[in-house]
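What follows is run_31.cif (mmCIF, C-alpha atoms and all ligand atoms).
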```
data_structure
loop_
_atom_site.label_atom_id
_atom_site.label_comp_id
_atom_site.auth_asym_id
_atom_site.auth_seq_id
_atom_site.Cartn_x
_atom_site.Cartn_y
_atom_site.Cartn_z
CA MET A 1 58.13 -7.50 -43.99
CA SER A 2 55.26 -9.67 -42.82
CA ARG A 3 51.97 -9.31 -44.61
CA LYS A 4 48.80 -10.56 -42.91
CA PRO A 5 47.30 -13.35 -45.05
CA ILE A 6 43.85 -12.66 -46.46
CA ILE A 7 41.55 -15.53 -47.41
CA ALA A 8 38.38 -14.57 -49.25
CA GLY A 9 35.46 -16.67 -50.46
CA ASN A 10 33.78 -15.56 -53.66
CA TRP A 11 30.33 -17.13 -53.65
CA LYS A 12 29.49 -15.93 -57.16
CA MET A 13 25.76 -16.45 -57.93
CA TYR A 14 25.23 -19.15 -55.34
CA LYS A 15 23.23 -19.35 -52.08
CA THR A 16 19.87 -17.83 -51.16
CA VAL A 17 19.69 -15.37 -48.27
CA LYS A 18 18.78 -18.15 -45.85
CA GLU A 19 21.54 -20.44 -47.12
CA SER A 20 24.03 -17.59 -46.82
CA VAL A 21 23.08 -16.78 -43.24
CA ASP A 22 23.04 -20.44 -42.18
CA PHE A 23 26.45 -20.88 -43.76
CA VAL A 24 28.13 -17.97 -41.99
CA LYS A 25 26.62 -18.94 -38.64
CA GLN A 26 28.32 -22.33 -38.95
CA LEU A 27 31.53 -20.84 -40.32
CA GLU A 28 31.81 -18.29 -37.56
CA GLY A 29 31.68 -21.03 -34.93
CA LYS A 30 34.55 -22.86 -36.63
CA LEU A 31 36.84 -19.87 -37.10
CA LYS A 32 36.29 -17.93 -33.87
CA ASP A 33 39.86 -18.31 -32.65
CA VAL A 34 41.60 -17.25 -35.88
CA THR A 35 43.31 -13.89 -35.43
CA ASP A 36 46.43 -14.11 -37.56
CA ARG A 37 44.67 -13.81 -40.92
CA GLU A 38 41.93 -11.75 -42.47
CA ILE A 39 38.81 -13.72 -43.42
CA LEU A 40 36.26 -12.52 -45.91
CA VAL A 41 33.08 -13.92 -47.47
CA CYS A 42 31.56 -12.36 -50.58
CA PRO A 43 27.88 -13.27 -50.97
CA THR A 44 25.42 -11.91 -53.52
CA ALA A 45 24.31 -8.29 -53.11
CA LEU A 46 20.89 -9.57 -52.04
CA ALA A 47 22.29 -11.50 -49.08
CA ALA A 48 24.91 -8.91 -48.07
CA ALA A 49 22.95 -7.07 -45.35
CA SER A 50 21.75 -10.30 -43.70
CA VAL A 51 25.26 -11.76 -43.79
CA VAL A 52 26.69 -8.56 -42.29
CA ASP A 53 24.11 -8.84 -39.49
CA ALA A 54 24.94 -12.48 -38.83
CA LEU A 55 28.67 -11.70 -38.69
CA ARG A 56 28.51 -8.60 -36.50
CA PHE A 57 31.16 -8.74 -33.72
CA THR A 58 32.96 -11.66 -35.37
CA ASN A 59 36.37 -11.95 -37.06
CA ILE A 60 34.81 -12.51 -40.50
CA GLN A 61 34.34 -9.57 -42.85
CA VAL A 62 31.94 -9.24 -45.75
CA GLY A 63 32.76 -8.31 -49.33
CA LEU A 64 30.71 -7.83 -52.46
CA GLN A 65 31.52 -9.10 -55.94
CA ASP A 66 31.23 -5.76 -57.75
CA ALA A 67 30.07 -2.16 -57.27
CA HIS A 68 29.31 0.73 -59.60
CA TRP A 69 31.57 3.66 -60.52
CA GLU A 70 28.85 6.14 -59.48
CA ASN A 71 27.22 6.38 -56.09
CA GLU A 72 23.70 6.99 -57.36
CA GLY A 73 21.88 7.56 -60.60
CA ALA A 74 19.88 5.99 -63.39
CA TYR A 75 21.83 2.73 -63.55
CA THR A 76 19.21 0.01 -63.58
CA GLY A 77 20.27 -3.16 -61.83
CA ASN A 78 23.40 -1.75 -60.22
CA ILE A 79 24.50 -1.12 -56.67
CA SER A 80 26.90 1.51 -55.39
CA PRO A 81 29.80 1.44 -52.95
CA ILE A 82 28.23 3.94 -50.51
CA MET A 83 25.11 1.78 -50.32
CA LEU A 84 27.29 -1.22 -49.57
CA LYS A 85 29.37 0.70 -47.06
CA ASP A 86 26.14 1.77 -45.36
CA ALA A 87 25.07 -1.88 -45.20
CA GLY A 88 28.29 -2.78 -43.38
CA VAL A 89 30.27 -4.28 -46.26
CA HIS A 90 34.08 -3.95 -46.04
CA TYR A 91 35.54 -5.04 -49.39
CA ILE A 92 34.57 -5.05 -53.05
CA ILE A 93 35.99 -7.53 -55.56
CA LEU A 94 36.66 -5.72 -58.84
CA GLY A 95 37.55 -7.00 -62.29
CA HIS A 96 36.86 -10.70 -61.68
CA SER A 97 37.44 -12.52 -64.97
CA GLU A 98 33.79 -13.61 -65.09
CA ARG A 99 32.76 -9.97 -64.97
CA ARG A 100 35.37 -9.08 -67.57
CA GLN A 101 33.95 -11.85 -69.75
CA TYR A 102 30.19 -11.46 -69.27
CA ASP A 103 29.62 -7.95 -67.91
CA ASN A 104 31.89 -5.71 -69.96
CA ASP A 105 34.32 -4.93 -67.17
CA THR A 106 37.31 -3.34 -68.91
CA ASP A 107 40.44 -2.04 -67.19
CA HIS A 108 39.07 1.47 -67.71
CA ARG A 109 35.77 0.63 -65.98
CA ILE A 110 37.51 -1.28 -63.20
CA ASN A 111 39.68 1.78 -62.65
CA ALA A 112 36.60 4.03 -62.33
CA LYS A 113 34.99 1.55 -59.96
CA LEU A 114 38.17 1.27 -57.92
CA LYS A 115 38.36 5.04 -57.47
CA ASN A 116 34.74 5.13 -56.31
CA VAL A 117 35.19 2.18 -53.94
CA LEU A 118 38.17 3.89 -52.29
CA ARG A 119 36.41 7.29 -52.20
CA SER A 120 33.52 5.58 -50.43
CA GLY A 121 35.79 4.27 -47.69
CA LEU A 122 35.75 0.64 -48.76
CA LYS A 123 38.64 -1.66 -49.63
CA ALA A 124 39.08 -3.42 -52.96
CA ILE A 125 40.36 -6.70 -54.29
CA VAL A 126 41.48 -6.06 -57.86
CA CYS A 127 41.65 -9.17 -60.03
CA VAL A 128 44.08 -9.68 -62.89
CA GLY A 129 45.11 -12.75 -64.86
CA GLU A 130 45.77 -14.19 -68.29
CA THR A 131 43.76 -16.65 -70.37
CA LEU A 132 45.15 -20.02 -71.43
CA SER A 133 45.88 -18.86 -74.98
CA GLU A 134 47.67 -15.77 -73.66
CA ARG A 135 49.81 -17.98 -71.42
CA GLU A 136 50.56 -20.35 -74.27
CA LYS A 137 51.67 -17.43 -76.42
CA GLY A 138 54.03 -16.28 -73.66
CA GLN A 139 52.01 -13.13 -73.01
CA THR A 140 51.28 -13.58 -69.30
CA GLU A 141 53.49 -10.74 -68.07
CA LYS A 142 52.41 -8.36 -70.80
CA VAL A 143 48.71 -9.05 -70.10
CA VAL A 144 49.06 -8.69 -66.35
CA GLU A 145 51.13 -5.52 -66.72
CA THR A 146 48.50 -3.96 -69.00
CA GLN A 147 45.75 -4.86 -66.52
CA VAL A 148 47.64 -3.48 -63.52
CA ASN A 149 48.51 -0.27 -65.37
CA GLY A 150 44.93 0.21 -66.55
CA CYS A 151 43.26 -0.60 -63.23
CA PHE A 152 45.71 1.55 -61.20
CA GLU A 153 45.63 4.63 -63.47
CA GLY A 154 45.52 7.70 -61.21
CA ILE A 155 45.62 5.62 -58.01
CA GLY A 156 47.96 7.33 -55.57
CA LEU A 157 50.48 5.83 -53.20
CA GLY A 158 48.22 6.64 -50.25
CA ASP A 159 45.38 4.61 -51.79
CA LEU A 160 47.34 1.36 -51.88
CA ALA A 161 46.57 0.54 -48.25
CA GLY A 162 42.98 -0.08 -49.33
CA ILE A 163 43.86 -2.43 -52.17
CA VAL A 164 44.60 -6.14 -52.41
CA ILE A 165 45.55 -7.61 -55.79
CA ALA A 166 44.26 -11.06 -56.77
CA TYR A 167 46.23 -12.92 -59.42
CA GLU A 168 43.75 -15.31 -60.99
CA PRO A 169 44.90 -17.11 -64.14
CA VAL A 170 41.63 -17.45 -66.05
CA TRP A 171 42.50 -21.02 -67.12
CA ALA A 172 42.63 -22.07 -63.45
CA ILE A 173 39.26 -20.65 -62.37
CA GLY A 174 36.63 -23.29 -61.78
CA THR A 175 38.55 -25.79 -63.92
CA GLY A 176 40.28 -27.81 -61.22
CA LYS A 177 43.61 -26.83 -62.84
CA THR A 178 45.68 -24.93 -60.31
CA ALA A 179 48.78 -23.03 -61.28
CA THR A 180 51.71 -24.75 -59.60
CA PRO A 181 52.87 -22.80 -56.55
CA GLU A 182 56.01 -21.85 -58.49
CA GLN A 183 54.06 -20.72 -61.57
CA ALA A 184 51.81 -18.59 -59.36
CA ASN A 185 54.67 -17.14 -57.37
CA GLU A 186 56.51 -16.15 -60.53
CA VAL A 187 53.59 -13.93 -61.56
CA HIS A 188 53.07 -12.64 -58.01
CA SER A 189 56.67 -11.60 -57.85
CA PHE A 190 56.35 -9.93 -61.27
CA ILE A 191 53.29 -7.97 -60.02
CA ARG A 192 55.13 -6.97 -56.85
CA LYS A 193 58.02 -5.63 -58.92
CA LEU A 194 55.54 -3.74 -61.07
CA ILE A 195 54.09 -2.05 -57.99
CA GLY A 196 57.66 -1.24 -56.95
CA LYS A 197 58.29 0.45 -60.31
CA LYS A 198 54.98 2.34 -60.29
CA TYR A 199 55.17 3.40 -56.63
CA ASN A 200 58.15 2.50 -54.48
CA ALA A 201 59.92 -0.39 -52.76
CA GLU A 202 57.96 0.01 -49.53
CA ALA A 203 54.63 -0.13 -51.39
CA SER A 204 55.70 -3.26 -53.25
CA GLU A 205 56.68 -4.95 -49.97
CA LYS A 206 53.42 -3.96 -48.30
CA ILE A 207 50.81 -4.77 -50.93
CA ARG A 208 49.09 -8.11 -50.51
CA ILE A 209 48.68 -10.37 -53.54
CA GLN A 210 46.21 -13.24 -53.34
CA TYR A 211 46.22 -16.24 -55.63
CA GLY A 212 42.92 -17.49 -57.08
CA GLY A 213 42.18 -20.48 -59.29
CA SER A 214 41.00 -23.86 -57.99
CA VAL A 215 42.37 -23.33 -54.49
CA LYS A 216 41.46 -26.30 -52.29
CA PRO A 217 42.35 -27.63 -48.84
CA GLU A 218 44.83 -29.92 -50.63
CA ASN A 219 46.88 -27.18 -52.30
CA ILE A 220 46.57 -24.12 -50.06
CA LYS A 221 49.59 -24.96 -47.88
CA GLN A 222 52.01 -25.19 -50.80
CA LEU A 223 50.62 -22.01 -52.33
CA MET A 224 50.88 -20.08 -49.07
CA ALA A 225 54.44 -21.29 -48.59
CA GLN A 226 55.52 -19.17 -51.56
CA LEU A 227 57.26 -15.90 -50.78
CA ASP A 228 54.94 -13.60 -52.72
CA ILE A 229 51.58 -15.29 -52.13
CA ASP A 230 49.69 -13.52 -49.35
CA GLY A 231 46.32 -15.19 -49.45
CA ALA A 232 43.69 -16.78 -51.62
CA LEU A 233 40.54 -15.80 -53.45
CA VAL A 234 38.50 -18.98 -53.41
CA GLY A 235 35.47 -19.79 -55.55
CA GLY A 236 34.10 -23.34 -55.55
CA ALA A 237 35.82 -24.50 -52.36
CA SER A 238 34.44 -21.51 -50.43
CA LEU A 239 30.87 -22.80 -50.82
CA LYS A 240 31.30 -25.60 -48.27
CA VAL A 241 31.91 -24.81 -44.61
CA ASP A 242 34.44 -27.58 -44.13
CA SER A 243 36.56 -26.87 -47.17
CA PHE A 244 36.59 -23.11 -46.59
CA THR A 245 37.46 -23.65 -42.92
CA ALA A 246 40.35 -25.91 -43.89
CA ILE A 247 41.61 -23.34 -46.41
CA VAL A 248 41.45 -20.49 -43.89
CA ARG A 249 43.36 -22.59 -41.37
CA PHE A 250 45.85 -23.90 -43.99
C1 LIG B 301 37.15 -17.34 -58.26
O1 LIG B 301 35.95 -17.35 -58.47
O2 LIG B 301 37.73 -16.28 -58.04
C2 LIG B 301 37.87 -18.62 -58.28
C3 LIG B 301 39.15 -18.60 -58.14
O3 LIG B 301 37.10 -19.77 -58.46
P1 LIG B 301 37.60 -21.29 -58.18
O4 LIG B 301 38.26 -21.29 -56.82
O5 LIG B 301 36.34 -22.10 -58.21
O6 LIG B 301 38.56 -21.63 -59.25
#
```

Would you mind writing the structure in this file as structure tokens?
Amino acid sequence: MSRKPIIAGNWKMYKTVKESVDFVKQLEGKLKDVTDREILVCPTALAAASVVDALRFTNIQVGLQDAHWENEGAYTGNISPIMLKDAGVHYIILGHSERRQYDNDTDHRINAKLKNVLRSGLKAIVCVGETLSEREKGQTEKVVETQVNGCFEGIGLGDLAGIVIAYEPVWAIGTGKTATPEQANEVHSFIRKLIGKKYNAEASEKIRIQYGGSVKPENIKQLMAQLDIDGALVGGASLKVDSFTAIVRF
């Protein structure tokens, strides 16, 4: 089964509104002809509406880096999926390791957010991945399995079409250390089997699993050549037009 590659840029807490808009105007010109892969940029919530406007009628979609589990209420400082949907956003990244580390995102919370994202008609990228000490203790599969089970609690077969999984080993994020393509593929294939066990063989064949962790123009080709790697979630290298363009074009 062929799965359409999805390349997403996670801008984290970088770029002002003007910088974001200038960036996507340049990017759009460089990627106009690309139709065989899904392209996504994930700016800050502040820049989202302006970036959506700048990318209207293009082949580049917009994602956000988080969204709340409720759609409105007394949640100071938060933003909800229906607000983002209304602004023209397509995807929400959930459970990024930086949010798990600094913003109390637990599997339980990610699960609640995921349900609300899907209810609101948006798609989600759900991030999972082990820390260095977990890998060194041989716990990678156990950690990833716990995260997938927790995040997907109560998610039905019909919801899977709106979900992409991102395998992001925490030790490879922003460190310059990439998992080798084989190391990454091993975990991707484990996650795919897990989805097969939880749902069915067709679901496991269909779901897209991105790799994230120091993806660069120099390593994207080898990563994408692996059987179970269907795209990339890119941090640092997505902040420059040239490097992100090269990654999208792998
Ligand atoms: C990320 O932020 O999801 C990420 C993978 O960052 P980097 O590419 O910088 O490692």

Exercise. Please check which protein, DNA or RNA residues sit within 9 Å of ligand LIG 301 (chain B), counting all atoms listed in the file, and write them as a PyMOL selection string.
Key: chain A and resi 8-12+96-98+127+166+168-178+211-216+232-238

Exercise. Tell me which of A:Val52, A:Glu70, A:Cys42, A:Gly138 sits closest to A:Ile92, counting all atoms listed in the file.
Key: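 So, comparing all the options, the nearest one is A:Cys42.
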
Test item: axis-aligned box, all listed atoms of stretch 156-168 of chain A, 3 Å on each side, centre and edges in Å rounded to one decimal, as AutoDock Vina command-line options:
```
--center_x 46.7 --center_y -4.0 --center_z -54.6 --size_x 13.5 --size_y 28.6 --size_z 18.7
```

Quiz prompt | Surrounding residues of A:Ile191 excluding itself and chain neighbours under 5 positions, 10 Å, all atoms listed in the file, as a list of chain:residue names | solution =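 The neighbour list is A:Val128, A:Glu141, A:Val144, A:Glu145, A:Val148, A:Ile165, A:Tyr167, A:Asn185, A:Glu186, A:Gly196, A:Lys197, A:Ser204, A:Ile207, A:Ile209, A:Asp228.
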
I need the residues from that last selection saved to file as a tab-separated table (two decimals), in the frame of the given file (with C-alpha atoms), if you can.
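File produced: out_13.tsv:
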```tsv
chain	number	residue	atom	x	y	z
A	128	VAL	CA	44.08	-9.68	-62.89
A	141	GLU	CA	53.49	-10.74	-68.07
A	144	VAL	CA	49.06	-8.69	-66.35
A	145	GLU	CA	51.13	-5.52	-66.72
A	148	VAL	CA	47.64	-3.48	-63.52
A	165	ILE	CA	45.55	-7.61	-55.79
A	167	TYR	CA	46.23	-12.92	-59.42
A	185	ASN	CA	54.67	-17.14	-57.37
A	186	GLU	CA	56.51	-16.15	-60.53
A	196	GLY	CA	57.66	-1.24	-56.95
A	197	LYS	CA	58.29	0.45	-60.31
A	204	SER	CA	55.70	-3.26	-53.25
A	207	ILE	CA	50.81	-4.77	-50.93
A	209	ILE	CA	48.68	-10.37	-53.54
A	228	ASP	CA	54.94	-13.60	-52.72
```

Self-check item: Atomic distance atom CA of A:Tyr14 - atom CA of A:Gln65, expressed in Å with one decimal
Solution: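 Separating atom CA of A:Tyr14 from atom CA of A:Gln65 is a distance of 11.9 Å.
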
Practice problem: Give as a VMD selection string every residue, naming chains and numbers as the document does, that has an atom within 10 Å of (29.7, -7.5, -55.4), counting all atoms listed in the file. | Solution: chain A and resid 10 to 12 42 to 46 48 63 to 68 78 to 81 84 89 91 to 94

Print the selection's residues with C-alpha atoms to a file, as an mmCIF file, in the frame of the given file.
```cif
data_model
loop_
_atom_site.group_PDB
_atom_site.id
_atom_site.type_symbol
_atom_site.label_atom_id
_atom_site.label_comp_id
_atom_site.auth_asym_id
_atom_site.auth_seq_id
_atom_site.Cartn_x
_atom_site.Cartn_y
_atom_site.Cartn_z
ATOM 1 C CA ASN A 10 33.780 -15.560 -53.660
ATOM 2 C CA TRP A 11 30.330 -17.130 -53.650
ATOM 3 C CA LYS A 12 29.490 -15.930 -57.160
ATOM 4 C CA CYS A 42 31.560 -12.360 -50.580
ATOM 5 C CA PRO A 43 27.880 -13.270 -50.970
ATOM 6 C CA THR A 44 25.420 -11.910 -53.520
ATOM 7 C CA ALA A 45 24.310 -8.290 -53.110
ATOM 8 C CA LEU A 46 20.890 -9.570 -52.040
ATOM 9 C CA ALA A 48 24.910 -8.910 -48.070
ATOM 10 C CA GLY A 63 32.760 -8.310 -49.330
ATOM 11 C CA LEU A 64 30.710 -7.830 -52.460
ATOM 12 C CA GLN A 65 31.520 -9.100 -55.940
ATOM 13 C CA ASP A 66 31.230 -5.760 -57.750
ATOM 14 C CA ALA A 67 30.070 -2.160 -57.270
ATOM 15 C CA HIS A 68 29.310 0.730 -59.600
ATOM 16 C CA ASN A 78 23.400 -1.750 -60.220
ATOM 17 C CA ILE A 79 24.500 -1.120 -56.670
ATOM 18 C CA SER A 80 26.900 1.510 -55.390
ATOM 19 C CA PRO A 81 29.800 1.440 -52.950
ATOM 20 C CA LEU A 84 27.290 -1.220 -49.570
ATOM 21 C CA VAL A 89 30.270 -4.280 -46.260
ATOM 22 C CA TYR A 91 35.540 -5.040 -49.390
ATOM 23 C CA ILE A 92 34.570 -5.050 -53.050
ATOM 24 C CA ILE A 93 35.990 -7.530 -55.560
ATOM 25 C CA LEU A 94 36.660 -5.720 -58.840
#
```
